[in-house]
$ cat query-v5.csv   # CSV, N, CA, C and O atoms
chain,number,residue,atom,x,y,z
E,1,MET,N,-0.4,-12.3,-13.0
E,1,MET,CA,-1.6,-11.8,-12.5
E,1,MET,C,-1.6,-11.3,-11.1
E,1,MET,O,-0.8,-11.9,-10.3
E,2,LEU,N,-2.4,-10.4,-10.7
E,2,LEU,CA,-2.4,-9.9,-9.4
E,2,LEU,C,-3.0,-10.9,-8.5
E,2,LEU,O,-4.0,-11.7,-8.9
E,3,GLY,N,-2.6,-11.0,-7.2
E,3,GLY,CA,-3.1,-12.0,-6.3
E,3,GLY,C,-2.4,-13.3,-6.2
E,3,GLY,O,-2.7,-14.2,-5.4
E,4,MET,N,-1.4,-13.5,-7.1
E,4,MET,CA,-0.7,-14.8,-7.1
E,4,MET,C,0.5,-14.9,-6.0
E,4,MET,O,0.9,-16.0,-5.7
E,5,ASN,N,0.9,-13.7,-5.6
E,5,ASN,CA,2.1,-13.7,-4.6
E,5,ASN,C,1.8,-13.2,-3.3
E,5,ASN,O,2.6,-13.2,-2.4
E,6,GLY,N,0.6,-12.6,-3.1
E,6,GLY,CA,0.3,-12.0,-1.8
E,6,GLY,C,-1.2,-11.6,-1.8
E,6,GLY,O,-1.9,-11.7,-2.9
E,7,PRO,N,-1.7,-11.2,-0.7
E,7,PRO,CA,-3.1,-10.8,-0.6
E,7,PRO,C,-3.4,-9.5,-1.3
E,7,PRO,O,-2.5,-8.6,-1.4
E,8,ILE,N,-4.6,-9.3,-1.8
E,8,ILE,CA,-5.1,-8.0,-2.3
E,8,ILE,C,-5.5,-7.2,-1.0
E,8,ILE,O,-6.4,-7.7,-0.2
E,9,VAL,N,-5.0,-6.0,-0.9
E,9,VAL,CA,-5.2,-5.2,0.3
E,9,VAL,C,-5.6,-3.8,0.0
E,9,VAL,O,-5.3,-3.3,-1.1
E,10,ARG,N,-6.2,-3.1,0.9
E,10,ARG,CA,-6.4,-1.7,0.9
E,10,ARG,C,-5.6,-1.1,2.0
E,10,ARG,O,-5.8,-1.5,3.2
E,11,ILE,N,-4.7,-0.2,1.7
E,11,ILE,CA,-3.9,0.4,2.7
E,11,ILE,C,-4.3,1.9,2.8
E,11,ILE,O,-4.3,2.6,1.8
E,12,ARG,N,-4.6,2.3,4.0
E,12,ARG,CA,-4.9,3.8,4.3
E,12,ARG,C,-3.6,4.3,5.0
E,12,ARG,O,-3.2,3.7,6.0
E,13,TRP,N,-3.1,5.4,4.4
E,13,TRP,CA,-1.8,5.8,5.0
E,13,TRP,C,-1.7,7.3,4.8
E,13,TRP,O,-2.3,8.0,4.0
E,14,ASN,N,-0.8,7.9,5.7
E,14,ASN,CA,-0.5,9.3,5.7
E,14,ASN,C,0.7,9.5,4.8
E,14,ASN,O,1.8,9.0,5.0
E,15,ASP,N,0.5,10.3,3.7
E,15,ASP,CA,1.5,10.7,2.8
E,15,ASP,C,2.1,12.0,3.1
E,15,ASP,O,1.4,12.9,3.7
E,16,ALA,N,3.3,12.2,2.7
E,16,ALA,CA,3.9,13.6,2.9
E,16,ALA,C,3.1,14.5,1.9
E,16,ALA,O,2.6,14.1,0.9
E,17,ALA,N,3.0,15.8,2.3
E,17,ALA,CA,2.2,16.7,1.5
E,17,ALA,C,3.0,18.0,1.4
E,17,ALA,O,3.7,18.4,2.3
E,18,GLN,N,2.9,18.6,0.3
E,18,GLN,CA,3.5,19.9,0.0
E,18,GLN,C,2.4,20.9,-0.3
E,18,GLN,O,1.6,20.7,-1.1
E,19,GLN,N,2.5,22.0,0.5
E,19,GLN,CA,1.6,23.1,0.2
E,19,GLN,C,2.4,24.3,-0.3
E,19,GLN,O,3.3,24.7,0.3
E,20,VAL,N,2.0,24.7,-1.5
E,20,VAL,CA,2.7,25.8,-2.2
E,20,VAL,C,1.8,27.0,-2.1
E,20,VAL,O,0.6,27.0,-2.4
E,21,LYS,N,2.4,28.2,-1.8
E,21,LYS,CA,1.7,29.4,-1.7
E,21,LYS,C,0.5,29.3,-0.8
E,21,LYS,O,-0.6,29.8,-1.1
E,22,THR,N,0.6,28.7,0.3
E,22,THR,CA,-0.5,28.5,1.3
E,22,THR,C,-0.5,29.7,2.2
E,22,THR,O,0.5,30.4,2.5
E,23,ASN,N,-1.6,30.0,2.8
E,23,ASN,CA,-1.8,31.1,3.7
E,23,ASN,C,-2.0,30.6,5.1
E,23,ASN,O,-2.1,31.4,6.0
E,24,LYS,N,-2.0,29.3,5.3
E,24,LYS,CA,-2.3,28.8,6.6
E,24,LYS,C,-1.5,27.5,6.9
E,24,LYS,O,-1.5,26.6,6.0
E,25,VAL,N,-0.9,27.4,8.0
E,25,VAL,CA,-0.2,26.2,8.5
E,25,VAL,C,-0.8,25.8,9.8
E,25,VAL,O,-0.8,26.6,10.7
E,26,ASN,N,-1.2,24.6,10.0
E,26,ASN,CA,-1.7,24.1,11.3
E,26,ASN,C,-0.5,23.7,12.2
E,26,ASN,O,0.0,22.6,12.0
E,27,ILE,N,-0.1,24.6,13.0
E,27,ILE,CA,1.1,24.3,13.9
E,27,ILE,C,0.7,23.7,15.2
E,27,ILE,O,1.5,23.1,15.9
E,28,VAL,N,-0.6,23.7,15.5
E,28,VAL,CA,-1.2,23.1,16.7
E,28,VAL,C,-1.3,21.6,16.5
E,28,VAL,O,-1.0,20.8,17.4
E,29,GLU,N,-1.8,21.2,15.3
E,29,GLU,CA,-2.0,19.8,15.0
E,29,GLU,C,-1.3,19.5,13.6
E,29,GLU,O,-1.9,19.5,12.6
E,30,PRO,N,0.1,19.4,13.7
E,30,PRO,CA,0.8,19.2,12.4
E,30,PRO,C,0.3,18.1,11.5
E,30,PRO,O,0.5,18.1,10.3
E,31,ILE,N,-0.2,17.0,12.1
E,31,ILE,CA,-0.7,15.9,11.3
E,31,ILE,C,-1.8,16.3,10.3
E,31,ILE,O,-2.0,15.7,9.3
E,32,GLU,N,-2.5,17.4,10.6
E,32,GLU,CA,-3.5,17.9,9.7
E,32,GLU,C,-2.9,18.4,8.4
E,32,GLU,O,-3.6,18.6,7.4
E,33,ASN,N,-1.6,18.6,8.3
E,33,ASN,CA,-1.0,19.1,7.1
E,33,ASN,C,-0.6,17.9,6.2
E,33,ASN,O,-0.1,18.1,5.1
E,34,LEU,N,-0.7,16.7,6.7
E,34,LEU,CA,-0.4,15.5,5.8
E,34,LEU,C,-1.5,15.2,4.8
E,34,LEU,O,-2.7,15.7,5.0
E,35,SER,N,-1.2,14.4,3.8
E,35,SER,CA,-2.2,14.0,2.9
E,35,SER,C,-2.7,12.6,3.2
E,35,SER,O,-1.8,11.7,3.3
E,36,LEU,N,-4.0,12.4,3.3
E,36,LEU,CA,-4.5,11.0,3.6
E,36,LEU,C,-4.5,10.3,2.2
E,36,LEU,O,-5.1,10.8,1.2
E,37,ALA,N,-4.0,9.1,2.1
E,37,ALA,CA,-3.9,8.4,0.9
E,37,ALA,C,-4.5,7.0,1.1
E,37,ALA,O,-4.5,6.5,2.2
E,38,GLU,N,-5.0,6.4,0.0
E,38,GLU,CA,-5.5,5.1,0.0
E,38,GLU,C,-5.0,4.4,-1.2
E,38,GLU,O,-5.2,4.9,-2.3
E,39,SER,N,-4.4,3.2,-1.0
E,39,SER,CA,-3.9,2.4,-2.2
E,39,SER,C,-4.5,1.0,-2.1
E,39,SER,O,-4.6,0.4,-1.0
E,40,VAL,N,-4.8,0.4,-3.3
E,40,VAL,CA,-5.3,-0.9,-3.3
E,40,VAL,C,-4.4,-1.7,-4.3
E,40,VAL,O,-4.1,-1.2,-5.4
E,41,GLY,N,-4.0,-2.9,-3.9
E,41,GLY,CA,-3.2,-3.8,-4.8
E,41,GLY,C,-2.8,-5.0,-4.0
E,41,GLY,O,-3.3,-5.3,-3.0
E,42,GLU,N,-1.8,-5.7,-4.6
E,42,GLU,CA,-1.3,-6.9,-4.1
E,42,GLU,C,-0.1,-6.6,-3.2
E,42,GLU,O,0.9,-6.0,-3.7
E,43,MET,N,-0.1,-7.0,-1.9
E,43,MET,CA,1.0,-6.8,-1.0
E,43,MET,C,2.0,-8.0,-1.2
E,43,MET,O,1.7,-9.1,-0.8
E,44,VAL,N,3.1,-7.6,-1.9
E,44,VAL,CA,4.1,-8.7,-2.3
E,44,VAL,C,5.2,-8.8,-1.3
E,44,VAL,O,6.0,-9.7,-1.3
E,45,ALA,N,5.4,-7.7,-0.5
E,45,ALA,CA,6.5,-7.7,0.5
E,45,ALA,C,6.1,-6.8,1.6
E,45,ALA,O,5.4,-5.7,1.4
E,46,LYS,N,6.5,-7.2,2.9
E,46,LYS,CA,6.2,-6.3,4.0
E,46,LYS,C,7.3,-6.6,5.1
E,46,LYS,O,7.5,-7.8,5.4
E,47,ASP,N,7.9,-5.6,5.7
E,47,ASP,CA,8.7,-5.8,6.8
E,47,ASP,C,8.5,-4.6,7.8
E,47,ASP,O,7.6,-3.8,7.6
E,48,ASP,N,9.4,-4.4,8.7
E,48,ASP,CA,9.2,-3.3,9.7
E,48,ASP,C,9.5,-1.9,9.1
E,48,ASP,O,9.2,-0.9,9.7
E,49,LYS,N,10.0,-1.9,7.9
E,49,LYS,CA,10.4,-0.6,7.3
E,49,LYS,C,9.5,-0.2,6.1
E,49,LYS,O,9.3,1.0,5.9
E,50,ALA,N,9.1,-1.2,5.3
E,50,ALA,CA,8.4,-0.9,4.0
E,50,ALA,C,7.4,-2.0,3.6
E,50,ALA,O,7.5,-3.1,4.0
E,51,ILE,N,6.4,-1.5,2.9
E,51,ILE,CA,5.4,-2.4,2.3
E,51,ILE,C,5.4,-2.2,0.8
E,51,ILE,O,5.4,-1.0,0.3
E,52,VAL,N,5.6,-3.2,0.0
E,52,VAL,CA,5.6,-3.1,-1.5
E,52,VAL,C,4.2,-3.6,-2.0
E,52,VAL,O,3.8,-4.7,-1.7
E,53,LEU,N,3.5,-2.7,-2.7
E,53,LEU,CA,2.2,-3.0,-3.2
E,53,LEU,C,2.2,-2.9,-4.7
E,53,LEU,O,2.6,-1.9,-5.3
E,54,VAL,N,1.8,-4.0,-5.4
E,54,VAL,CA,1.7,-4.0,-6.9
E,54,VAL,C,0.3,-3.6,-7.2
E,54,VAL,O,-0.6,-4.3,-6.7
E,55,TYR,N,0.0,-2.6,-7.9
E,55,TYR,CA,-1.3,-2.1,-8.2
E,55,TYR,C,-1.7,-2.3,-9.7
E,55,TYR,O,-2.9,-2.0,-10.0
E,56,HIS,N,-0.8,-2.7,-10.5
E,56,HIS,CA,-1.1,-2.9,-12.0
E,56,HIS,C,-0.2,-3.9,-12.5
E,56,HIS,O,1.0,-3.9,-12.3
E,57,TRP,N,-0.8,-4.8,-13.3
E,57,TRP,CA,-0.1,-5.9,-13.9
E,57,TRP,C,-0.4,-6.0,-15.4
E,57,TRP,O,-1.6,-5.8,-15.8
E,58,ASN,N,0.6,-6.2,-16.2
E,58,ASN,CA,0.4,-6.3,-17.7
E,58,ASN,C,1.4,-7.3,-18.2
E,58,ASN,O,2.6,-7.2,-17.9
E,59,ASP,N,1.0,-8.3,-19.0
E,59,ASP,CA,1.9,-9.3,-19.5
E,59,ASP,C,3.0,-8.8,-20.4
E,59,ASP,O,3.9,-9.5,-20.7
E,60,VAL,N,2.8,-7.6,-20.9
E,60,VAL,CA,3.8,-7.0,-21.8
E,60,VAL,C,4.8,-6.1,-21.1
E,60,VAL,O,6.0,-6.2,-21.2
E,61,ASP,N,4.2,-5.2,-20.3
E,61,ASP,CA,5.0,-4.2,-19.6
E,61,ASP,C,5.5,-4.5,-18.2
E,61,ASP,O,6.2,-3.8,-17.6
E,62,GLY,N,4.9,-5.6,-17.6
E,62,GLY,CA,5.3,-5.9,-16.2
E,62,GLY,C,4.3,-5.3,-15.2
E,62,GLY,O,3.1,-5.3,-15.4
E,63,VAL,N,4.9,-4.8,-14.1
E,63,VAL,CA,4.0,-4.3,-13.0
E,63,VAL,C,4.3,-2.8,-12.7
E,63,VAL,O,5.4,-2.3,-12.9
E,64,ASP,N,3.3,-2.2,-12.1
E,64,ASP,CA,3.5,-0.9,-11.5
E,64,ASP,C,3.4,-1.1,-10.0
E,64,ASP,O,2.5,-1.9,-9.5
E,65,MET,N,4.2,-0.5,-9.2
E,65,MET,CA,4.2,-0.7,-7.7
E,65,MET,C,4.5,0.6,-7.0
E,65,MET,O,5.0,1.6,-7.5
E,66,ILE,N,4.1,0.5,-5.7
E,66,ILE,CA,4.4,1.6,-4.8
E,66,ILE,C,5.0,1.0,-3.6
E,66,ILE,O,4.6,-0.1,-3.1
E,67,THR,N,6.0,1.7,-3.0
E,67,THR,CA,6.6,1.3,-1.7
E,67,THR,C,6.2,2.3,-0.7
E,67,THR,O,6.5,3.5,-0.8
E,68,ILE,N,5.5,1.8,0.4
E,68,ILE,CA,5.0,2.7,1.4
E,68,ILE,C,5.8,2.4,2.7
E,68,ILE,O,5.9,1.3,3.1
E,69,PRO,N,6.3,3.5,3.4
E,69,PRO,CA,6.9,3.2,4.7
E,69,PRO,C,5.9,2.6,5.6
E,69,PRO,O,4.8,3.1,5.8
E,70,THR,N,6.3,1.5,6.3
E,70,THR,CA,5.4,0.8,7.2
E,70,THR,C,4.8,1.8,8.3
E,70,THR,O,3.6,1.7,8.6
E,71,ASP,N,5.6,2.6,8.8
E,71,ASP,CA,5.1,3.5,9.9
E,71,ASP,C,4.2,4.6,9.4
E,71,ASP,O,3.7,5.3,10.2
E,72,TRP,N,4.0,4.8,8.1
E,72,TRP,CA,3.1,5.7,7.6
E,72,TRP,C,1.7,5.1,7.5
E,72,TRP,O,0.7,5.8,7.2
E,73,CYS,N,1.6,3.8,7.6
E,73,CYS,CA,0.3,3.1,7.4
E,73,CYS,C,-0.6,3.3,8.6
E,73,CYS,O,-0.2,3.2,9.8
E,74,GLN,N,-1.8,3.6,8.4
E,74,GLN,CA,-2.8,3.7,9.4
E,74,GLN,C,-3.7,2.5,9.5
E,74,GLN,O,-4.1,2.1,10.6
E,75,GLU,N,-4.0,1.8,8.4
E,75,GLU,CA,-4.8,0.6,8.4
E,75,GLU,C,-4.5,-0.2,7.1
E,75,GLU,O,-4.3,0.3,6.1
E,76,ILE,N,-4.4,-1.5,7.3
E,76,ILE,CA,-4.3,-2.5,6.2
E,76,ILE,C,-5.5,-3.4,6.3
E,76,ILE,O,-5.7,-4.1,7.3
E,77,GLU,N,-6.3,-3.4,5.3
E,77,GLU,CA,-7.5,-4.2,5.2
E,77,GLU,C,-7.3,-5.3,4.1
E,77,GLU,O,-7.0,-5.0,2.9
E,78,ILE,N,-7.4,-6.6,4.5
E,78,ILE,CA,-7.2,-7.6,3.5
E,78,ILE,C,-8.6,-7.8,2.8
E,78,ILE,O,-9.6,-8.1,3.4
E,79,LEU,N,-8.5,-7.6,1.4
E,79,LEU,CA,-9.7,-7.7,0.6
E,79,LEU,C,-9.9,-9.1,0.1
E,79,LEU,O,-11.0,-9.6,-0.1
E,80,LYS,N,-8.8,-9.8,-0.2
E,80,LYS,CA,-8.8,-11.1,-0.7
E,80,LYS,C,-7.5,-11.8,-0.4
E,80,LYS,O,-6.4,-11.2,-0.7
E,81,GLU,N,-7.5,-13.0,0.1
E,81,GLU,CA,-6.3,-13.8,0.4
E,81,GLU,C,-5.6,-14.1,-0.9
E,81,GLU,O,-6.2,-14.1,-2.0
E,82,CYS,N,-4.4,-14.5,-0.8
E,82,CYS,CA,-3.5,-14.9,-1.9
E,82,CYS,C,-4.2,-16.1,-2.7
E,82,CYS,O,-4.8,-17.0,-2.1
E,83,ILE,N,-4.2,-16.0,-4.0
E,83,ILE,CA,-4.9,-17.0,-4.9
E,83,ILE,C,-4.2,-18.3,-4.8
E,83,ILE,O,-4.9,-19.4,-4.7
E,84,THR,N,-2.9,-18.4,-4.8
E,84,THR,CA,-2.2,-19.6,-4.8
E,84,THR,C,-1.7,-19.9,-3.4
E,84,THR,O,-1.4,-19.1,-2.6
E,85,GLU,N,-1.7,-21.2,-3.1
E,85,GLU,CA,-1.2,-21.6,-1.8
E,85,GLU,C,0.3,-21.9,-1.8
E,85,GLU,O,0.8,-22.2,-2.9
E,86,ASN,N,0.9,-21.8,-0.7
E,86,ASN,CA,2.3,-22.1,-0.6
E,86,ASN,C,2.5,-23.6,-1.0
E,86,ASN,O,1.7,-24.5,-0.5
E,87,LEU,N,3.5,-23.9,-1.8
E,87,LEU,CA,3.7,-25.3,-2.2
E,87,LEU,C,4.0,-26.2,-1.1
E,87,LEU,O,3.6,-27.4,-1.1
E,88,GLU,N,4.5,-25.8,0.0
E,88,GLU,CA,4.8,-26.6,1.2
E,88,GLU,C,3.5,-27.0,1.9
E,88,GLU,O,3.4,-28.0,2.6
E,89,SER,N,2.4,-26.3,1.6
E,89,SER,CA,1.1,-26.7,2.3
E,89,SER,C,0.3,-27.6,1.4
E,89,SER,O,-0.8,-28.0,1.8
E,90,GLN,N,0.7,-27.9,0.2
E,90,GLN,CA,0.0,-28.8,-0.7
E,90,GLN,C,0.0,-30.2,-0.2
E,90,GLN,O,1.1,-30.7,0.2
E,91,PRO,N,-1.1,-30.9,-0.3
E,91,PRO,CA,-1.0,-32.4,0.1
E,91,PRO,C,-0.2,-33.2,-1.0
E,91,PRO,O,-0.2,-32.8,-2.1
E,92,GLU,N,0.4,-34.2,-0.5
E,92,GLU,CA,1.2,-35.1,-1.4
E,92,GLU,C,0.4,-36.0,-2.2
E,92,GLU,O,-0.7,-36.4,-1.9
$ encode --input "query-v5.csv" --output "structure tokens"
Amino acid sequence: MLGMNGPIVRIRWNDAAQQVKTNKVNIVEPIENLSLAESVGEMVAKDDKAIVLVYHWNDVDGVDMITIPTDWCQEIEILKECITENLESQPE
């Protein structure tokens, strides 16, 4: 199930974009040529290079995931903390 290994998050990030047969390129503000993306799912891994987000779980087929370069992220909003606690934090 989603939420068992990490928090449920919304990530807003700049994705690479391809314009085909375009008539205009913004050379003054190149960032305007990027695609603004938003992904929601369970953040199962994160380091200084990449974030792994699981956005679909199925008990037959497994999971669907996306890996987003960390430096492409503009905002990470935690929607729900992880459902299970770390076993080390459990009382004896």
$ closest_residue --input "query-v5.csv" --among "E:Val25, E:Met1, E:Ile11, E:Leu34" --to "E:Ile78" --atoms "only C-alpha atoms"
E:Ile11
$ select_by_dssp --input "query-v5.csv" --residues "chain E" --states "strand (DSSP E)" --output "PyMOL selection string"
chain E and resi 8-15+35-46+50-58+62-69+73-80
$ closest_residue --input "query-v5.csv" --among "E:Val54, E:Val63, E:Val44, E:Leu36" --to "E:Arg12" --atoms "all atoms listed in the file"
E:Leu36
$ closest_residue --input "query-v5.csv" --among "E:Met65, E:Gly41, E:Ala50, E:Ile83" --to "E:Val9" --atoms "only C-alpha atoms"
E:Gly41
$ atom_distance --input "query-v5.csv" --atom1 "atom CA of E:Asp64" --atom2 "atom O of E:Ile31"
27.2 Å
$ closest_residue --input "query-v5.csv" --among "E:Val20, E:Val40, E:Tyr55, E:Asp15" --to "E:Cys73" --atoms "only N, CA, C and O atoms"
E:Asp15
$ atom_distance --input "query-v5.csv" --atom1 "atom CA of E:Met4" --atom2 "atom C of E:Val60"
17.4 Å
$ atom_distance --input "query-v5.csv" --atom1 "atom CA of E:Asn14" --atom2 "atom CA of E:Ile66"
13.9 Å
$ closest_residue --input "query-v5.csv" --among "E:Trp72, E:Gly6, E:Asn23, E:Thr67" --to "E:Ser35" --atoms "all atoms listed in the file"
E:Trp72
$ closest_residue --input "query-v5.csv" --among "E:Trp13, E:Gly3, E:Ile51, E:His56" --to "E:Ser39" --atoms "all atoms listed in the file"
E:Trp13
$ select_by_dssp --input "query-v5.csv" --residues "stretch 6-88 of chain E" --states "helix (DSSP H, G or I)" --output "list of chain:residue names"
E:Pro30, E:Ile31, E:Glu32, E:Asn33, E:Thr70, E:Asp71, E:Trp72, E:Leu87, E:Glu88
$ residues_near_point --input "query-v5.csv" --point "(-8.8, -0.5, 8.4)" --cutoff "7 Å" --atoms "all atoms listed in the file" --output "ChimeraX atom specification"
/E:10,12,74-77
